[in-house]
file entry.cif (mmCIF, C-alpha atoms and all ligand atoms)
data_structure
loop_
_atom_site.group_PDB
_atom_site.id
_atom_site.type_symbol
_atom_site.label_atom_id
_atom_site.label_comp_id
_atom_site.auth_asym_id
_atom_site.auth_seq_id
_atom_site.Cartn_x
_atom_site.Cartn_y
_atom_site.Cartn_z
ATOM 1 C CA MET N 414 0.000 0.000 0.000
ATOM 2 C CA THR N 415 1.163 3.589 -0.621
ATOM 3 C CA THR N 416 1.867 6.366 1.930
ATOM 4 C CA ALA N 417 -1.709 7.517 1.557
ATOM 5 C CA SER N 418 -2.896 4.072 2.592
ATOM 6 C CA ARG N 419 -1.341 4.502 6.013
ATOM 7 C CA ALA N 420 -3.745 7.359 6.775
ATOM 8 C CA ALA N 421 -5.807 6.895 9.911
ATOM 9 C CA THR N 422 -8.562 9.016 8.447
ATOM 10 C CA TRP N 423 -8.924 10.477 4.959
ATOM 11 C CA TYR N 424 -9.165 14.079 6.179
ATOM 12 C CA ASP N 425 -6.341 15.272 8.428
ATOM 13 C CA ASP N 426 -9.020 16.316 10.933
ATOM 14 C CA GLU N 427 -11.449 13.773 12.401
ATOM 15 C CA LYS N 428 -14.183 16.420 12.851
ATOM 16 C CA ARG N 429 -14.159 17.113 9.104
ATOM 17 C CA GLU N 430 -14.309 13.389 8.456
ATOM 18 C CA ASP N 431 -17.334 13.005 10.763
ATOM 19 C CA ALA N 432 -19.025 15.972 9.037
ATOM 20 C CA MET N 433 -18.498 14.420 5.575
ATOM 21 C CA ALA N 434 -21.097 11.727 6.292
ATOM 22 C CA ASP N 435 -23.735 14.355 7.170
ATOM 23 C CA GLY N 436 -22.869 16.364 4.066
ATOM 24 C CA HIS N 437 -23.038 13.294 1.815
ATOM 25 C CA ALA N 438 -26.277 11.854 3.212
ATOM 26 C CA PRO N 439 -28.687 13.688 0.829
ATOM 27 C CA VAL N 440 -26.360 12.911 -2.063
ATOM 28 C CA TRP N 441 -26.285 9.185 -1.191
ATOM 29 C CA ARG N 442 -30.101 9.202 -0.929
ATOM 30 C CA HIS N 443 -30.354 10.655 -4.439
ATOM 31 C CA LEU N 444 -27.799 8.149 -5.727
ATOM 32 C CA ILE N 445 -29.820 5.258 -4.340
ATOM 33 C CA SER N 446 -32.943 6.666 -5.976
ATOM 34 C CA ILE N 447 -31.334 6.652 -9.449
ATOM 35 C CA MET N 448 -29.781 3.185 -9.258
ATOM 36 C CA LEU N 449 -31.636 0.863 -11.637
ATOM 37 C CA GLU N 450 -31.421 -2.159 -9.307
ATOM 38 C CA THR N 451 -34.500 -1.905 -7.115
ATOM 39 C CA ASP N 452 -34.602 -5.384 -5.587
ATOM 40 C CA LEU N 453 -31.338 -6.151 -3.821
ATOM 41 C CA SER N 454 -32.757 -8.735 -1.443
ATOM 42 C CA ASN N 455 -30.355 -11.469 -2.645
ATOM 43 C CA ALA N 456 -27.488 -9.178 -3.517
ATOM 44 C CA SER N 457 -24.030 -8.838 -2.055
ATOM 45 C CA VAL N 458 -22.786 -5.246 -2.187
ATOM 46 C CA LEU N 459 -19.303 -3.680 -2.136
ATOM 47 C CA ASP N 460 -18.679 -0.038 -1.239
ATOM 48 C CA TYR N 461 -15.142 0.794 -2.368
ATOM 49 C CA GLY N 462 -13.737 3.792 -0.446
ATOM 50 C CA CYS N 463 -16.543 3.443 2.087
ATOM 51 C CA ASN N 464 -15.024 5.700 4.787
ATOM 52 C CA GLN N 465 -17.288 5.256 7.874
ATOM 53 C CA GLY N 466 -19.767 3.021 6.021
ATOM 54 C CA GLY N 467 -22.689 5.471 5.938
ATOM 55 C CA LEU N 468 -23.698 4.761 2.342
ATOM 56 C CA LEU N 469 -23.865 1.013 2.992
ATOM 57 C CA ARG N 470 -26.047 1.556 6.073
ATOM 58 C CA MET N 471 -28.376 3.875 4.161
ATOM 59 C CA LEU N 472 -28.636 1.416 1.260
ATOM 60 C CA LEU N 473 -29.310 -1.447 3.685
ATOM 61 C CA ASP N 474 -32.128 0.587 5.184
ATOM 62 C CA GLU N 475 -33.653 1.720 1.874
ATOM 63 C CA ARG N 476 -33.010 -1.345 -0.345
ATOM 64 C CA PRO N 477 -32.211 -4.261 1.984
ATOM 65 C CA PHE N 478 -29.500 -6.597 0.649
ATOM 66 C CA SER N 479 -28.111 -9.887 1.899
ATOM 67 C CA ARG N 480 -24.492 -8.989 2.628
ATOM 68 C CA GLY N 481 -22.403 -5.813 2.506
ATOM 69 C CA PHE N 482 -18.715 -5.147 2.417
ATOM 70 C CA GLY N 483 -16.719 -1.906 2.670
ATOM 71 C CA ILE N 484 -13.064 -1.269 1.835
ATOM 72 C CA ASP N 485 -11.073 1.883 2.581
ATOM 73 C CA ILE N 486 -7.432 2.874 3.031
ATOM 74 C CA ALA N 487 -8.234 4.854 6.203
ATOM 75 C CA ALA N 488 -7.889 2.527 9.219
ATOM 76 C CA THR N 489 -9.573 4.767 11.819
ATOM 77 C CA SER N 490 -12.488 5.363 9.469
ATOM 78 C CA ILE N 491 -12.874 1.600 9.069
ATOM 79 C CA ASP N 492 -12.830 1.186 12.885
ATOM 80 C CA LYS N 493 -15.628 3.732 13.070
ATOM 81 C CA ALA N 494 -17.532 1.965 10.268
ATOM 82 C CA ARG N 495 -17.390 -1.255 12.286
ATOM 83 C CA GLN N 496 -18.608 0.476 15.472
ATOM 84 C CA LEU N 497 -21.468 2.230 13.679
ATOM 85 C CA SER N 498 -22.515 -1.018 11.971
ATOM 86 C CA THR N 499 -22.670 -3.282 15.014
ATOM 87 C CA GLY N 500 -25.396 -5.893 14.574
ATOM 88 C CA LEU N 501 -25.736 -5.297 10.825
ATOM 89 C CA ASN N 502 -24.662 -7.750 8.140
ATOM 90 C CA LEU N 503 -21.793 -5.507 7.050
ATOM 91 C CA ASP N 504 -18.065 -6.260 7.068
ATOM 92 C CA PHE N 505 -15.201 -3.864 6.571
ATOM 93 C CA GLU N 506 -11.581 -4.129 5.534
ATOM 94 C CA VAL N 507 -8.649 -1.699 5.410
ATOM 95 C CA GLY N 508 -7.113 -1.785 1.953
ATOM 96 C CA ASP N 509 -6.665 -0.301 -1.489
ATOM 97 C CA SER N 510 -7.823 -3.213 -3.590
ATOM 98 C CA PRO N 511 -10.837 -5.529 -3.837
ATOM 99 C CA SER N 512 -8.623 -8.291 -5.236
ATOM 100 C CA GLY N 513 -9.169 -10.617 -2.263
ATOM 101 C CA HIS N 514 -12.773 -10.989 -3.480
ATOM 102 C CA VAL N 515 -13.330 -12.849 -6.748
ATOM 103 C CA GLU N 516 -16.772 -12.903 -8.391
ATOM 104 C CA ALA N 517 -18.146 -11.997 -4.971
ATOM 105 C CA PHE N 518 -20.462 -9.021 -5.547
ATOM 106 C CA ASP N 519 -23.686 -8.344 -7.464
ATOM 107 C CA LEU N 520 -23.374 -4.612 -6.956
ATOM 108 C CA ALA N 521 -20.400 -2.339 -6.283
ATOM 109 C CA ILE N 522 -20.322 1.388 -5.616
ATOM 110 C CA SER N 523 -17.567 3.952 -5.215
ATOM 111 C CA HIS N 524 -18.740 7.429 -4.343
ATOM 112 C CA GLU N 525 -16.090 10.115 -4.924
ATOM 113 C CA VAL N 526 -13.119 7.766 -4.806
ATOM 114 C CA ILE N 527 -11.928 7.073 -8.389
ATOM 115 C CA TYR N 528 -10.362 10.539 -8.759
ATOM 116 C CA LEU N 529 -7.936 9.591 -5.958
ATOM 117 C CA ILE N 530 -6.807 6.292 -7.478
ATOM 118 C CA ASP N 531 -3.372 6.373 -9.118
ATOM 119 C CA ASP N 532 -3.677 3.220 -11.192
ATOM 120 C CA LEU N 533 -7.204 3.375 -12.570
ATOM 121 C CA GLU N 534 -6.515 0.611 -15.101
ATOM 122 C CA ALA N 535 -5.656 -1.826 -12.291
ATOM 123 C CA HIS N 536 -8.665 -0.653 -10.266
ATOM 124 C CA ALA N 537 -10.988 -1.231 -13.234
ATOM 125 C CA GLU N 538 -9.641 -4.759 -13.744
ATOM 126 C CA GLN N 539 -9.883 -5.568 -10.029
ATOM 127 C CA MET N 540 -13.458 -4.287 -9.767
ATOM 128 C CA LEU N 541 -14.473 -6.309 -12.845
ATOM 129 C CA ALA N 542 -12.980 -9.437 -11.257
ATOM 130 C CA ALA N 543 -14.695 -8.717 -7.920
ATOM 131 C CA LEU N 544 -18.127 -8.607 -9.582
ATOM 132 C CA LYS N 545 -20.155 -11.692 -10.386
ATOM 133 C CA PRO N 546 -20.974 -12.092 -14.110
ATOM 134 C CA GLY N 547 -23.835 -9.674 -14.782
ATOM 135 C CA GLY N 548 -22.840 -7.535 -11.778
ATOM 136 C CA VAL N 549 -22.864 -3.733 -11.877
ATOM 137 C CA TYR N 550 -20.388 -1.147 -10.581
ATOM 138 C CA TYR N 551 -21.554 2.444 -10.019
ATOM 139 C CA ALA N 552 -18.546 4.800 -9.920
ATOM 140 C CA ILE N 553 -19.477 8.381 -9.134
ATOM 141 C CA THR N 554 -17.283 11.453 -9.316
ATOM 142 C CA GLY N 555 -17.474 15.168 -9.947
ATOM 143 C CA CYS N 556 -13.677 15.468 -9.840
ATOM 144 C CA HIS N 557 -12.821 15.449 -13.524
ATOM 145 C CA THR N 558 -11.353 17.950 -15.933
ATOM 146 C CA GLY N 559 -14.833 19.231 -16.819
ATOM 147 C CA ASN N 560 -15.189 20.622 -13.276
ATOM 148 C CA PRO N 561 -14.351 24.361 -13.336
ATOM 149 C CA ASP N 562 -13.270 24.195 -9.674
ATOM 150 C CA LEU N 563 -10.813 21.332 -10.128
ATOM 151 C CA ASP N 564 -7.685 23.447 -9.455
ATOM 152 C CA ALA N 565 -9.172 24.912 -6.272
ATOM 153 C CA TRP N 566 -10.209 21.428 -5.133
ATOM 154 C CA ARG N 567 -6.745 20.075 -5.875
ATOM 155 C CA GLU N 568 -5.343 22.512 -3.284
ATOM 156 C CA ILE N 569 -7.980 21.552 -0.709
ATOM 157 C CA VAL N 570 -7.316 17.836 -1.198
ATOM 158 C CA GLU N 571 -3.553 18.368 -0.925
ATOM 159 C CA GLN N 572 -3.864 20.530 2.190
ATOM 160 C CA ARG N 573 -6.522 18.598 4.102
ATOM 161 C CA THR N 574 -6.171 14.952 3.093
ATOM 162 C CA MET N 575 -3.531 12.289 2.658
ATOM 163 C CA THR N 576 -4.333 11.857 -1.047
ATOM 164 C CA ARG N 577 -4.156 13.864 -4.261
ATOM 165 C CA ILE N 578 -6.434 14.444 -7.232
ATOM 166 C CA ILE N 579 -5.512 12.667 -10.451
ATOM 167 C CA ASP N 580 -6.645 14.675 -13.502
ATOM 168 C CA ARG N 581 -8.879 12.697 -15.850
ATOM 169 C CA SER N 582 -11.688 13.632 -18.208
ATOM 170 C CA ILE N 583 -15.051 11.881 -18.270
ATOM 171 C CA GLU N 584 -13.925 10.413 -21.597
ATOM 172 C CA THR N 585 -10.767 8.981 -19.987
ATOM 173 C CA TYR N 586 -12.756 7.379 -17.167
ATOM 174 C CA ALA N 587 -15.187 5.839 -19.656
ATOM 175 C CA SER N 588 -12.408 4.589 -21.980
ATOM 176 C CA THR N 589 -10.469 3.044 -19.098
ATOM 177 C CA PHE N 590 -13.465 1.082 -17.833
ATOM 178 C CA LEU N 591 -14.360 0.033 -21.379
ATOM 179 C CA ALA N 592 -10.804 -1.218 -21.981
ATOM 180 C CA ALA N 593 -11.022 -3.296 -18.786
ATOM 181 C CA GLY N 594 -14.035 -5.129 -20.205
ATOM 182 C CA PHE N 595 -17.021 -3.266 -18.739
ATOM 183 C CA LYS N 596 -20.085 -2.263 -20.723
ATOM 184 C CA VAL N 597 -20.054 1.472 -19.966
ATOM 185 C CA SER N 598 -22.874 3.977 -19.645
ATOM 186 C CA ALA N 599 -23.129 7.199 -17.666
ATOM 187 C CA ARG N 600 -25.477 9.981 -16.634
ATOM 188 C CA LYS N 601 -25.276 13.345 -14.938
ATOM 189 C CA PHE N 602 -25.954 13.126 -11.222
ATOM 190 C CA GLY N 603 -29.003 15.334 -11.655
ATOM 191 C CA TYR N 604 -29.487 16.283 -7.992
ATOM 192 C CA GLU N 605 -31.917 19.154 -7.753
ATOM 193 C CA GLY N 606 -32.377 19.363 -4.000
ATOM 194 C CA PHE N 607 -31.549 22.465 -2.012
ATOM 195 C CA ILE N 608 -27.810 23.028 -1.499
ATOM 196 C CA PRO N 609 -26.978 24.659 1.836
ATOM 197 C CA PHE N 610 -24.981 27.902 1.654
ATOM 198 C CA GLY N 611 -22.037 28.199 4.044
ATOM 199 C CA HIS N 612 -18.407 29.174 4.352
ATOM 200 C CA ASP N 613 -16.697 25.799 4.420
ATOM 201 C CA ARG N 614 -17.780 24.576 1.009
ATOM 202 C CA TRP N 615 -15.370 23.405 -1.670
ATOM 203 C CA ALA N 616 -16.935 25.261 -4.623
ATOM 204 C CA THR N 617 -15.443 28.656 -5.461
ATOM 205 C CA SER N 618 -18.910 30.160 -5.913
ATOM 206 C CA TYR N 619 -22.472 29.287 -4.913
ATOM 207 C CA ASP N 620 -23.346 29.221 -8.595
ATOM 208 C CA ASN N 621 -20.731 26.512 -9.196
ATOM 209 C CA ASP N 622 -21.986 24.617 -6.160
ATOM 210 C CA LEU N 623 -25.546 24.513 -7.560
ATOM 211 C CA ALA N 624 -24.341 23.403 -11.006
ATOM 212 C CA TYR N 625 -22.012 20.787 -9.526
ATOM 213 C CA TYR N 626 -24.640 18.447 -8.109
ATOM 214 C CA ARG N 627 -26.830 18.569 -11.173
ATOM 215 C CA ASP N 628 -24.442 18.810 -14.119
ATOM 216 C CA ILE N 629 -20.830 18.154 -13.154
ATOM 217 C CA LYS N 630 -21.019 15.150 -10.869
ATOM 218 C CA THR N 631 -21.188 12.065 -13.091
ATOM 219 C CA VAL N 632 -22.445 8.531 -12.479
ATOM 220 C CA PHE N 633 -20.778 5.746 -14.439
ATOM 221 C CA ARG N 634 -22.801 2.525 -14.641
ATOM 222 C CA LEU N 635 -20.353 -0.255 -15.428
ATOM 223 C CA GLU N 636 -21.708 -3.685 -16.224
ATOM 224 C CA ARG N 637 -19.834 -6.966 -16.267
ATOM 225 C CA SER N 638 -21.313 -9.128 -19.004
ATOM 226 C CA LYS N 639 -23.057 -12.381 -18.008
HETATM 227 C C1 LIG Z 1 -14.145 11.805 -0.697
HETATM 228 S S1 LIG Z 1 -14.041 10.430 0.387
HETATM 229 C C2 LIG Z 1 -15.580 9.627 0.025
HETATM 230 C C3 LIG Z 1 -15.983 8.677 1.094
HETATM 231 C C4 LIG Z 1 -17.311 7.956 0.882
HETATM 232 N N1 LIG Z 1 -17.311 7.161 -0.322
HETATM 233 C C5 LIG Z 1 -18.477 8.910 0.902
HETATM 234 O O1 LIG Z 1 -19.304 8.902 -0.027
HETATM 235 O O2 LIG Z 1 -18.597 9.683 1.866
HETATM 236 C C6 LIG Z 1 -12.856 9.390 -0.391
HETATM 237 C C7 LIG Z 1 -12.632 8.087 0.357
HETATM 238 O O3 LIG Z 1 -11.840 7.217 -0.449
HETATM 239 C C8 LIG Z 1 -10.833 6.612 0.353
HETATM 240 N N2 LIG Z 1 -9.740 6.271 -0.576
HETATM 241 C C9 LIG Z 1 -8.887 7.113 -1.208
HETATM 242 N N3 LIG Z 1 -8.057 6.445 -2.015
HETATM 243 C C10 LIG Z 1 -8.391 5.137 -1.913
HETATM 244 C C11 LIG Z 1 -7.895 3.941 -2.514
HETATM 245 N N4 LIG Z 1 -6.889 3.962 -3.386
HETATM 246 N N5 LIG Z 1 -8.470 2.767 -2.154
HETATM 247 C C12 LIG Z 1 -9.504 2.736 -1.260
HETATM 248 N N6 LIG Z 1 -10.013 3.831 -0.657
HETATM 249 C C13 LIG Z 1 -9.467 5.017 -0.985
HETATM 250 C C14 LIG Z 1 -10.503 7.682 1.375
HETATM 251 O O4 LIG Z 1 -9.849 7.169 2.518
HETATM 252 C C15 LIG Z 1 -11.879 8.247 1.669
HETATM 253 O O5 LIG Z 1 -12.539 7.552 2.687
#

call {"tool": "encode", "arguments": {"input": "entry.cif", "output": "structure tokens", "more": "lines below"}}
Ligand SMILES: C[S@@+](CC[C@H](N)C(=O)[O-])C[C@H]1O[C@@H](n2cnc3c(N)ncnc32)[C@H](O)[C@@H]1O
result
Amino acid sequence: MTTASRAATWYDDEKREDAMADGHAPVWRHLISIMLETDLSNASVLDYGCNQGGLLRMLLDERPFSRGFGIDIAATSIDKARQLSTGLNLDFEVGDSPSGHVEAFDLAISHEVIYLIDDLEAHAEQMLAALKPGGVYYAITGCHTGNPDLDAWREIVEQRTMTRIIDRSIETYASTFLAAGFKVSARKFGYEGFIPFGHDRWATSYDNDLAYYRDIKTVFRLERSK
């Protein structure tokens, strides 16, 4: 694992890390609402870059599934995920690869993680191998070269986290997943809920913030053929 993988938490400040789950909750809810898989009752689910496991718990509540698994490089965040998930059918692992799991998952998700991954080609191959035939991987990011705030965000990520942004276009993401063997489709995130205004937001303007959740953030739906 790299230096970044030794991070206890992703943010350098645990309070910011705790706040991320609250900030992401409405976004996760919208994500769940646009996923095409409505019946997950027999599904096993992977959340790659799960942090404290909040998305898995929300999904379990809204679309119950049989077994869930979260992986993240941040060891303290994984400890917290385990504590917060006591009694639920969710397991967690510290790591930067799903390669210990072969044809194990019906559904995989990574929410705002792929822009931090150095070797996207390897990640794409590993995620394909971790899915069962016919399985689907949703990879969501707004950190791509079509984001007008990318340079400002690069500074924030470098200052406040143990990782760095890797510049890629939407086209590059799509081509990389296609080359790995996925059937690739994508959509805009399309979130039209109210966006709170405050002083600790990443966007350089409120206007950009409003456009980000609807038009910039992108959802890749990556299917492993049967
Ligand atoms: C922006 S946070 C998103 C967390 C979570 N998915 C969410 O929606 O709140 C990025 C997460 O990816 C994790 N991460 C970064 N690089 C990773 C890698 N190469 N492998 C696994 N996890 C990684 C970080 O530790 C962090 O928890």

call {"tool": "resolve_selection", "arguments": {"input": "entry.cif", "expression": "the PyMOL selection byres (((chain N and resi 589) around 12) and not hetatm)", "output": "number ranges by chain"}}
result
N: 527, 532-538, 541, 581-588, 590-597, 633, 635

call {"tool": "residues_near_point", "arguments": {"input": "entry.cif", "point": "(-8.0, -10.3, -3.3)", "cutoff": "10 Å", "atoms": "only C-alpha atoms", "output": "mmCIF file with C-alpha atoms, keeping the file's coordinate frame"}}
result
data_model
loop_
_atom_site.group_PDB
_atom_site.id
_atom_site.type_symbol
_atom_site.label_atom_id
_atom_site.label_comp_id
_atom_site.auth_asym_id
_atom_site.auth_seq_id
_atom_site.Cartn_x
_atom_site.Cartn_y
_atom_site.Cartn_z
ATOM 1 C CA SER N 510 -7.823 -3.213 -3.590
ATOM 2 C CA PRO N 511 -10.837 -5.529 -3.837
ATOM 3 C CA SER N 512 -8.623 -8.291 -5.236
ATOM 4 C CA GLY N 513 -9.169 -10.617 -2.263
ATOM 5 C CA HIS N 514 -12.773 -10.989 -3.480
ATOM 6 C CA VAL N 515 -13.330 -12.849 -6.748
ATOM 7 C CA GLN N 539 -9.883 -5.568 -10.029
ATOM 8 C CA ALA N 542 -12.980 -9.437 -11.257
ATOM 9 C CA ALA N 543 -14.695 -8.717 -7.920
#

call {"tool": "resolve_selection", "arguments": {"input": "entry.cif", "expression": "the PyMOL selection byres (((not hetatm)) within 8 of (chain Z and resi 1))", "output": "PyMOL selection string"}}
result
chain N and resi 417-418+420+422-424+433-434+437+441+460-468+484-487+490+508-510+523-527+529-531+576

call {"tool": "resolve_selection", "arguments": {"input": "entry.cif", "expression": "the PyMOL selection byres (((chain N and resi 567) around 10) and not hetatm)", "output": "list in words"}}
result
Cys556, Asp562, Leu563, Asp564, Ala565, Trp566, Glu568, Ile569, Val570, Glu571, Gln572, Thr576, Arg577, Ile578, Ile579 and Asp580 of chain N

call {"tool": "closest_atom_pairs", "arguments": {"input": "entry.cif", "of": "segment 520-577 of chain N", "to": "segment 627-630 of chain N", "cutoff": "7 Å", "atoms": "only C-alpha atoms", "output": "Markdown table"}}
result
| residue | atom | partner | partner_atom | distance |
| --- | --- | --- | --- | --- |
| N:Thr554 | CA | N:Lys630 | CA | 5.5 |
| N:Gly555 | CA | N:Lys630 | CA | 3.7 |
| N:Asn560 | CA | N:Ile629 | CA | 6.2 |

call {"tool": "atom_distance", "arguments": {"input": "entry.cif", "atom1": "atom CA of Ser598 of chain N", "atom2": "atom CA of Arg634 of chain N"}}
result
5.2 Å

call {"tool": "residues_around", "arguments": {"input": "entry.cif", "residues": "segment 453-459 of chain N", "least_positions_apart": "4", "cutoff": "6 Å", "atoms": "only C-alpha atoms", "output": "list in words"}}
result
Pro477, Phe478, Ser479, Arg480, Gly481, Phe482, Gly483, Phe518, Asp519, Leu520 and Ala521 of chain N

call {"tool": "closest_residue", "arguments": {"input": "entry.cif", "among": "N:Arg637, N:Asn621, N:Asp435, N:Thr499", "to": "Leu544 of chain N", "atoms": "only C-alpha atoms"}}
result
N:Arg637

call {"tool": "atom_distance", "arguments": {"input": "entry.cif", "atom1": "atom CA of Leu449 of chain N", "atom2": "atom CA of Arg470 of chain N"}}
result
18.6 Å
